[in-house]
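So this one's coords-v6.txt, compact mmCIF, C-alpha atoms and all ligand atoms:
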```
# COMPACT_ATOMS: atom_id res chain seq x y z
CA MET A 28 84.62 117.76 230.13
CA ALA A 29 85.76 117.43 226.51
CA THR A 30 87.57 120.22 224.72
CA ILE A 31 86.04 121.27 221.42
CA ARG A 32 87.98 123.18 218.79
CA ALA A 33 85.94 125.47 216.58
CA SER A 34 86.57 128.63 214.62
CA CYS A 35 85.15 132.12 214.76
CA SER A 36 85.16 133.95 211.43
CA ASP A 37 86.72 137.00 213.08
CA CYS A 38 89.00 135.51 215.75
CA GLY A 39 90.07 132.22 214.19
CA ASP A 40 90.43 128.96 216.12
CA VAL A 41 88.97 128.87 219.61
CA GLU A 42 88.81 126.19 222.29
CA LEU A 43 85.51 125.48 223.98
CA THR A 44 84.04 122.97 226.40
CA THR A 45 80.89 120.94 225.88
CA SER A 46 78.90 123.39 227.99
CA ASP A 47 79.88 126.25 225.65
CA VAL A 48 78.27 124.63 222.60
CA ASN A 49 74.66 123.93 221.66
CA VAL A 50 73.50 121.65 218.86
CA ARG A 51 70.24 122.01 216.91
CA ILE A 52 68.96 119.11 214.82
CA CYS A 53 66.16 119.35 212.28
CA GLU A 54 63.88 116.32 212.71
CA ASP A 55 62.62 116.55 209.11
CA ASP A 56 65.87 116.46 207.15
CA ASN A 57 68.30 115.48 209.94
CA SER A 58 70.46 118.54 209.23
CA GLY A 59 72.35 119.94 212.15
CA THR A 60 74.01 123.11 213.33
CA TYR A 61 76.09 123.98 216.35
CA ALA A 62 76.38 127.33 218.01
CA PHE A 63 78.68 128.91 220.53
CA ARG A 64 79.58 132.35 221.86
CA CYS A 65 83.11 133.23 220.83
CA PRO A 66 85.20 133.64 224.00
CA TYR A 67 87.09 136.57 222.44
CA CYS A 68 84.64 138.74 220.51
CA LYS A 69 81.53 137.43 222.34
CA MET A 70 79.62 137.06 219.08
CA THR A 71 77.40 134.02 218.60
CA VAL A 72 78.77 131.75 215.89
CA VAL A 73 76.46 129.27 214.15
CA LYS A 74 77.80 126.64 211.79
CA SER A 75 76.16 123.85 209.89
CA ALA A 76 77.80 120.47 210.27
CA GLU A 77 77.61 116.98 208.84
CA THR A 78 75.69 114.34 210.73
CA ARG A 79 78.95 112.69 211.80
CA THR A 80 80.15 115.90 213.48
CA ILE A 81 76.78 116.49 215.13
CA ASP A 82 76.77 112.91 216.44
CA LEU A 83 80.27 113.37 217.87
CA LEU A 84 79.29 116.62 219.60
CA VAL A 85 76.19 115.05 221.16
CA ALA A 86 78.12 111.91 222.16
CA SER A 87 80.69 114.09 223.91
CA GLY A 88 77.97 115.68 226.04
CA VAL A 89 76.92 118.79 224.10
CA ALA A 90 73.30 119.70 224.79
CA PHE A 91 71.00 119.53 221.80
CA THR A 92 67.53 120.59 220.82
CA THR A 93 65.42 119.46 217.91
CA TRP A 94 63.16 121.47 215.68
CA ARG A 95 60.84 120.87 212.74
CA LEU A 96 60.42 122.65 209.44
CA PRO A 97 57.37 124.93 209.36
CA ALA A 98 54.22 123.05 208.30
CA GLU A 99 53.59 125.76 205.66
CA LEU A 100 56.44 124.30 203.58
CA PHE A 101 54.37 121.17 203.01
CA GLU A 102 51.14 122.94 202.06
CA THR A 103 49.87 122.76 198.52
CA HIS A 104 49.83 126.23 197.02
CA ILE A 105 47.26 127.08 194.36
CA GLY A 106 47.39 130.19 192.20
CA GLU A 107 50.00 132.83 191.65
CA PRO A 108 52.08 134.22 194.52
CA ILE A 109 50.75 137.46 195.95
CA THR A 110 52.33 140.66 194.67
CA HIS A 111 52.90 144.11 196.13
CA ASP A 112 49.79 145.26 194.23
CA ASP A 113 47.77 142.54 195.97
CA LEU A 114 49.00 143.82 199.33
CA LEU A 115 48.06 147.39 198.44
CA ASP A 116 44.61 146.23 197.34
CA PHE A 117 44.23 144.33 200.60
CA HIS A 118 45.31 147.38 202.58
CA ASP A 119 42.69 149.48 200.79
CA LEU A 120 40.11 146.77 201.38
CA LEU A 121 40.78 146.76 205.13
CA GLU A 122 39.81 150.44 205.23
CA ASP A 123 36.57 149.84 203.30
CA GLU A 124 34.31 148.07 205.80
CA LEU A 125 31.42 147.68 203.37
CA ALA A 126 33.51 145.99 200.69
CA LEU A 127 35.32 143.88 203.28
CA GLY A 128 32.01 142.76 204.78
CA THR A 129 30.75 141.73 201.33
CA ILE A 130 33.87 139.68 200.61
CA MET A 131 33.82 138.03 204.04
CA SER A 132 30.16 137.15 203.51
CA ASP A 133 30.96 135.66 200.10
CA LEU A 134 33.80 133.62 201.61
CA ALA A 135 31.53 132.31 204.35
CA ASP A 136 29.08 131.07 201.70
CA THR A 137 31.69 129.02 199.85
ZN ZN A 201 85.26 135.80 217.73
```
Before we go any further, please render this structure as structure tokens.
Ligand SMILES: [Zn+2]
Amino acid sequence: MATIRASCSDCGDVELTTSDVNVRICEDDNSGTYAFRCPYCKMTVVKSAETRTIDLLVASGVAFTTWRLPAELFETHIGEPITHDDLLDFHDLLEDELALGTIMSDLADT
């Protein structure tokens, strides 16, 4: 099993094995991170890494998982972003069943 040298921001350089490290690769932009639990302070350390480093980790036997960016990032957004006032109005609307029913009915017609 290969030895992997990494660093914890609190404890400094640490030595790990391939089973101590996990790699995550984003399928959309091919960015990668690796994570491990520091053997000294027991905190989880997550670091981004270049593709070359990620490829080396995976080639040496580190387990990896893939993930995708949320689909909402690719949606087309129309109009202004909602504000705190919008949220307060919505909260008030949720307590007014008559007004909420009217709006829901109007939305169903469109
Ligand atoms: Zn540490």
List as a PDB file with C-alpha atoms, in the frame of the given file the protein and nucleic acid residues near Ala33 (chain A), meaning an atom at most 7 Å away when all atoms listed in the file are counted, but skip any in the same chain fewer than 6 places from it.
```
ATOM      1  CA  ASP A  40      90.430 128.960 216.120  1.00  0.00           C
ATOM      2  CA  VAL A  41      88.970 128.870 219.610  1.00  0.00           C
ATOM      3  CA  GLU A  42      88.810 126.190 222.290  1.00  0.00           C
TER       4      GLU A  42
END
```
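Among the candidates A:Tyr67, A:Tyr61, A:Phe117, A:Phe101, the one nearest to Val85 (chain A) when counting only C-alpha atoms is A:Tyr61.
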Find the residue from A:Leu83, A:Cys65, A:Ala90, A:Leu127 that sits nearest to ligand ZN 201 (chain A); use all atoms listed in the file when measuring.
->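 Looking at the shortest contact to ligand ZN 201 (chain A), the residue is A:Cys65.
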Could you name the residues that touch Glu54 (chain A) at 8 Å or less, counting only C-alpha atoms, but leaving out those on the same chain fewer than 5 positions away, as a ChimeraX atom specification?
-> /A:93-96
Atoms to include: C-alpha atoms. Write the selected residues as a compact mmCIF listing (two decimals), keeping the file's coordinate frame.
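Now in result-v4.txt:
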```txt
# COMPACT_ATOMS: atom_id res chain seq x y z
CA THR A 93 65.42 119.46 217.91
CA TRP A 94 63.16 121.47 215.68
CA ARG A 95 60.84 120.87 212.74
CA LEU A 96 60.42 122.65 209.44
```
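Using all atoms listed in the file, the shortest contact distance between Val50 (chain A) and any of A:Arg64, A:Lys74, A:His111, A:His118 is found at A:Lys74.
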Set the cut-off to 9 Å, count only C-alpha atoms and all ligand atoms, and list whatever residues fall near ligand ZN 201 (chain A) as a PyMOL selection string.
-> chain A and resi 34-41+64-72
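Minimum atom-to-atom distances from A:Ser75, A:Thr110, A:Thr60, A:Thr137 to Val89 (chain A) were compared using all atoms listed in the file, and the lowest value belongs to A:Thr60.
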What is the CA of Cys53 (chain A)-CA of Val73 (chain A) distance in Å, reported with one decimal?
->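 That distance, rounded to one decimal, is 14.4 Å.
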Using only C-alpha atoms, find the one residue out of A:Ala76, A:Thr44, A:Glu107, A:Leu134 that sits nearest to Gly59 (chain A).
-> A:Ala76
